[in-house]
Amino acid sequence: MLSGGVGISNSGDARLSPHVFAAVKDLAYRTAGIDLQIGKQEMVAARLWKRARALGYASAEEYFGAVQRDHGGELELDLIDALTTNFTSFFREPAHFEFLKSTILPKLRTRSNFTIWTAASSTGEEPYSIAVTLLEELGAETGRLAKIRASDISTKVLKRAEAGVYPEERFQRLSQDWRRRYLLRGTGSREGEFRFRPEVRELIRFERINLMEPLSADGPFPLIFLRNIMIYFDRPTQEKVIAALTAKLEPGGYLFIGHSESLNGLSHRLEHVQVAVYRKQGELKAGNN
Ligand SMILES: C[S@@+](CC[C@H](N)C(=O)[O-])C[C@H]1O[C@@H](n2cnc3c(N)ncnc32)[C@H](O)[C@@H]1O
């Protein structure tokens, strides 16, 4: 029995006692910066119960007890996964890809090389959208010039992203011609699935990075995508993450956040450029200067 007890029924009526909810909330905040508001209690209970059943635990209580003993292991990661939403799509919030083409790439293409970082890349739709944008703009030079670093806290989504295989319906809004250029069609048992061509996949390096942990020494980057993740964080965590990523931007480098997110009311050192686009002070360097 967990300290404080737990009020979860095995029949699917998955209510959590306030004590257990508080323990889940504490673990999510400490490990991933995720701020589970009181109103999320039912959602949390339902997701815990779902994972408990999927992993063969007799109750959510037993499952959460195992997670607590797991300190930083797979079970803890699995719970964090269950508590976050990985929703994403190809060319989500298309204004960012237009801005990349019209404003950022003209400078970057004159360099000898550059790396773009997507710091909450989920199942890969975002980094593949960046990769295709680069290929469309830079053509045969792309492989020599550009790299994408795609990271997420979740090893599960990273594995799916790295495989680069998606069911056909994910590409519904993209033309047949687009599909022919960038995808390979699955056959046999892979019928109905598409995989990105090697020249697209080769541009991306996938890596697990928890934005709550100290960041490695690489960078700085001319552009960081940090889209649709700040919704999980409370204000102090948002400020901490924005400060850490600002330090990872080149002078004049850009930060993209989700269109429903904003840095209003946060303390930060970035300049607002347009909706969901921010820039670090200074001039983004072109090549040879
Ligand atoms: C809703 S998805 C956003 C995907 C993509 N950026 C987009 O806008 O379509 C949010 C992602 O943030 C990741 N995430 C949550 N907490 C994180 C943390 N502390 N460090 C890194 N990634 C985190 C989740 O695993 C999830 O894949």
# chains A, B, ... in the order shown; residues from 1 in each chain; ligands from 1
call {"tool": "closest_atom_pairs", "arguments": {"of": "chain A", "to": "ligand 1", "cutoff": "6 Å", "atoms": "only C-alpha atoms and all ligand atoms", "output": "tab-separated table"}}
result
residue	atom	partner	partner_atom_place_in_ligand_line	distance
A:Ala32	CA	ligand 1	19 (N)	3.9
A:Gly33	CA	ligand 1	19 (N)	5.4
A:Thr84	CA	ligand 1	24 (C)	5.7
A:Thr85	CA	ligand 1	1 (C)	5.2
A:Asn86	CA	ligand 1	2 (S)	4.1
A:Phe87	CA	ligand 1	1 (C)	4.7
A:Thr88	CA	ligand 1	9 (O)	3.5
A:Ser89	CA	ligand 1	9 (O)	5.7
A:Ala120	CA	ligand 1	12 (O)	4.4
A:Ser121	CA	ligand 1	6 (N)	4.8
A:Ser122	CA	ligand 1	27 (O)	3.5
A:Glu126	CA	ligand 1	5 (C)	5.9
A:Asp152	CA	ligand 1	22 (N)	4.1
A:Ile153	CA	ligand 1	21 (C)	4.0
A:Ser154	CA	ligand 1	25 (O)	4.9
A:Ile209	CA	ligand 1	21 (C)	5.7
A:Asn210	CA	ligand 1	20 (N)	3.7
A:Leu211	CA	ligand 1	20 (N)	3.9
A:Met212	CA	ligand 1	19 (N)	5.2
A:Arg227	CA	ligand 1	8 (O)	4.2
A:Asn228	CA	ligand 1	8 (O)	4.5
A:Ile229	CA	ligand 1	10 (C)	4.6
call {"tool": "residues_around", "arguments": {"residues": "A:Arg279", "least_positions_apart": "4", "cutoff": "12 Å", "atoms": "only C-alpha atoms", "output": "VMD selection string"}}
result
chain A and resid 104 221 to 225 242 245 to 247 249 to 257 263 268 to 275 283 to 284
call {"tool": "residues_around", "arguments": {"residues": "A:Glu199", "least_positions_apart": "4", "cutoff": "12 Å", "atoms": "only C-alpha atoms", "output": "list in words"}}
result
Tyr128, Ala131, Val132, Leu134, Leu135, Gly139, Ala140, Glu141, Thr142, Gly143, Arg144, Ala146, Lys147, Gly164, Arg181, Tyr182, Leu183, Leu184, Arg195, Leu203 and Ile204 of chain A
call {"tool": "write_last_selection", "arguments": {"atoms": "N, CA and C atoms", "output": "PDB file, in the first residue's frame"}}
result
ATOM      1  N   TYR A 128      10.867  16.119 -39.724  1.00  0.00           N
ATOM      2  CA  TYR A 128      10.768  15.755 -41.147  1.00  0.00           C
ATOM      3  C   TYR A 128      10.222  16.925 -41.965  1.00  0.00           C
ATOM      4  N   ALA A 131      13.159  19.076 -42.518  1.00  0.00           N
ATOM      5  CA  ALA A 131      14.081  18.445 -43.483  1.00  0.00           C
ATOM      6  C   ALA A 131      13.587  18.654 -44.919  1.00  0.00           C
ATOM      7  N   VAL A 132      12.292  18.465 -45.137  1.00  0.00           N
ATOM      8  CA  VAL A 132      11.755  18.624 -46.492  1.00  0.00           C
ATOM      9  C   VAL A 132      11.827  20.097 -46.921  1.00  0.00           C
ATOM     10  N   LEU A 134      14.076  22.184 -46.040  1.00  0.00           N
ATOM     11  CA  LEU A 134      15.473  22.431 -46.397  1.00  0.00           C
ATOM     12  C   LEU A 134      15.779  21.857 -47.776  1.00  0.00           C
ATOM     13  N   LEU A 135      15.305  20.644 -48.026  1.00  0.00           N
ATOM     14  CA  LEU A 135      15.571  20.016 -49.332  1.00  0.00           C
ATOM     15  C   LEU A 135      14.932  20.827 -50.455  1.00  0.00           C
ATOM     16  N   GLY A 139      18.096  22.229 -52.180  1.00  0.00           N
ATOM     17  CA  GLY A 139      18.326  21.228 -53.223  1.00  0.00           C
ATOM     18  C   GLY A 139      19.488  20.304 -52.896  1.00  0.00           C
ATOM     19  N   ALA A 140      20.318  20.049 -53.876  1.00  0.00           N
ATOM     20  CA  ALA A 140      21.399  19.062 -53.761  1.00  0.00           C
ATOM     21  C   ALA A 140      22.429  19.452 -52.704  1.00  0.00           C
ATOM     22  N   GLU A 141      22.439  20.718 -52.309  1.00  0.00           N
ATOM     23  CA  GLU A 141      23.415  21.187 -51.318  1.00  0.00           C
ATOM     24  C   GLU A 141      23.023  20.826 -49.884  1.00  0.00           C
ATOM     25  N   THR A 142      21.764  20.379 -49.703  1.00  0.00           N
ATOM     26  CA  THR A 142      21.233  20.245 -48.337  1.00  0.00           C
ATOM     27  C   THR A 142      22.103  19.358 -47.448  1.00  0.00           C
ATOM     28  N   GLY A 143      22.446  18.167 -47.941  1.00  0.00           N
ATOM     29  CA  GLY A 143      23.193  17.217 -47.123  1.00  0.00           C
ATOM     30  C   GLY A 143      24.530  17.781 -46.650  1.00  0.00           C
ATOM     31  N   ARG A 144      25.165  18.584 -47.503  1.00  0.00           N
ATOM     32  CA  ARG A 144      26.465  19.161 -47.158  1.00  0.00           C
ATOM     33  C   ARG A 144      26.303  20.314 -46.157  1.00  0.00           C
ATOM     34  N   ALA A 146      23.321  21.250 -44.158  1.00  0.00           N
ATOM     35  CA  ALA A 146      22.369  21.331 -43.041  1.00  0.00           C
ATOM     36  C   ALA A 146      22.224  20.028 -42.261  1.00  0.00           C
ATOM     37  N   LYS A 147      22.006  20.207 -40.951  1.00  0.00           N
ATOM     38  CA  LYS A 147      21.666  19.075 -40.078  1.00  0.00           C
ATOM     39  C   LYS A 147      20.501  19.520 -39.194  1.00  0.00           C
ATOM     40  N   GLY A 164      10.848   6.746 -38.984  1.00  0.00           N
ATOM     41  CA  GLY A 164      10.375   7.566 -40.113  1.00  0.00           C
ATOM     42  C   GLY A 164       9.279   6.905 -40.920  1.00  0.00           C
ATOM     43  N   ARG A 181       8.218  12.366 -54.184  1.00  0.00           N
ATOM     44  CA  ARG A 181       9.546  12.964 -54.037  1.00  0.00           C
ATOM     45  C   ARG A 181      10.216  12.588 -52.712  1.00  0.00           C
ATOM     46  N   TYR A 182       9.429  12.487 -51.630  1.00  0.00           N
ATOM     47  CA  TYR A 182      10.061  12.352 -50.311  1.00  0.00           C
ATOM     48  C   TYR A 182       9.810  11.030 -49.600  1.00  0.00           C
ATOM     49  N   LEU A 183       8.898  10.211 -50.134  1.00  0.00           N
ATOM     50  CA  LEU A 183       8.518   8.994 -49.408  1.00  0.00           C
ATOM     51  C   LEU A 183       8.719   7.737 -50.242  1.00  0.00           C
ATOM     52  N   LEU A 184       8.882   6.631 -49.539  1.00  0.00           N
ATOM     53  CA  LEU A 184       8.872   5.315 -50.184  1.00  0.00           C
ATOM     54  C   LEU A 184       7.616   4.605 -49.710  1.00  0.00           C
ATOM     55  N   ARG A 195       7.604   5.457 -45.802  1.00  0.00           N
ATOM     56  CA  ARG A 195       8.815   5.777 -45.047  1.00  0.00           C
ATOM     57  C   ARG A 195       9.546   6.907 -45.765  1.00  0.00           C
ATOM     58  N   LEU A 203      19.305  13.643 -42.760  1.00  0.00           N
ATOM     59  CA  LEU A 203      19.527  15.015 -42.277  1.00  0.00           C
ATOM     60  C   LEU A 203      19.298  15.133 -40.772  1.00  0.00           C
ATOM     61  N   ILE A 204      18.620  14.139 -40.186  1.00  0.00           N
ATOM     62  CA  ILE A 204      18.166  14.288 -38.796  1.00  0.00           C
ATOM     63  C   ILE A 204      18.921  13.356 -37.853  1.00  0.00           C
TER      64      ILE A 204
END
call {"tool": "residues_around", "arguments": {"residues": "A:Leu108", "least_positions_apart": "2", "cutoff": "10 Å", "atoms": "only C-alpha atoms", "output": "PDB file with C-alpha atoms, in the first residue's frame"}}
result
ATOM      1  CA  LEU A 100      12.177  29.684 -42.306  1.00  0.00           C
ATOM      2  CA  THR A 103      13.791  35.021 -43.724  1.00  0.00           C
ATOM      3  CA  ILE A 104      16.203  32.519 -42.188  1.00  0.00           C
ATOM      4  CA  LEU A 105      17.409  30.249 -44.985  1.00  0.00           C
ATOM      5  CA  PRO A 106      18.612  33.040 -47.293  1.00  0.00           C
ATOM      6  CA  THR A 110      25.604  31.126 -47.518  1.00  0.00           C
ATOM      7  CA  ARG A 111      27.322  29.353 -44.597  1.00  0.00           C
ATOM      8  CA  SER A 112      29.497  26.273 -44.821  1.00  0.00           C
ATOM      9  CA  ASN A 113      27.082  24.412 -42.494  1.00  0.00           C
ATOM     10  CA  PHE A 114      24.433  24.886 -39.811  1.00  0.00           C
ATOM     11  CA  THR A 115      22.239  22.864 -37.434  1.00  0.00           C
ATOM     12  CA  LEU A 145      25.018  22.278 -45.519  1.00  0.00           C
ATOM     13  CA  ALA A 146      22.369  21.331 -43.041  1.00  0.00           C
ATOM     14  CA  PRO A 222      20.598  29.739 -35.481  1.00  0.00           C
ATOM     15  CA  LEU A 284      22.301  36.364 -37.516  1.00  0.00           C
ATOM     16  CA  LYS A 285      25.504  35.696 -39.406  1.00  0.00           C
ATOM     17  CA  ALA A 286      25.561  34.836 -43.070  1.00  0.00           C
ATOM     18  CA  GLY A 287      28.585  32.934 -44.440  1.00  0.00           C
TER      19      GLY A 287
END
call {"tool": "closest_residue", "arguments": {"among": "A:Ser129, A:Ala276, A:Asp78, A:Ala217", "to": "A:Lys156", "atoms": "only C-alpha atoms"}}
result
A:Asp78
call {"tool": "atom_distance", "arguments": {"atom1": "atom CA of A:Leu75", "atom2": "atom CA of A:Ala163"}}
result
22.4 Å
call {"tool": "select_by_dssp", "arguments": {"residues": "stretch 56-280 of chain A", "states": "strand (DSSP E or B)", "output": "PyMOL selection string"}}
result
chain A and resi 114-118+146-152+165-167+183-185+193-196+204-208+221-226+249-257+270-274+277-280
call {"tool": "closest_residue", "arguments": {"among": "A:Glu239, A:Leu158, A:Val20, A:Ala54", "to": "A:Gly265", "atoms": "only C-alpha atoms"}}
result
A:Glu239
call {"tool": "closest_residue", "arguments": {"among": "A:Val200, A:Val165, A:Leu36, A:Val24", "to": "A:Tyr63", "atoms": "only C-alpha atoms"}}
result
A:Val24
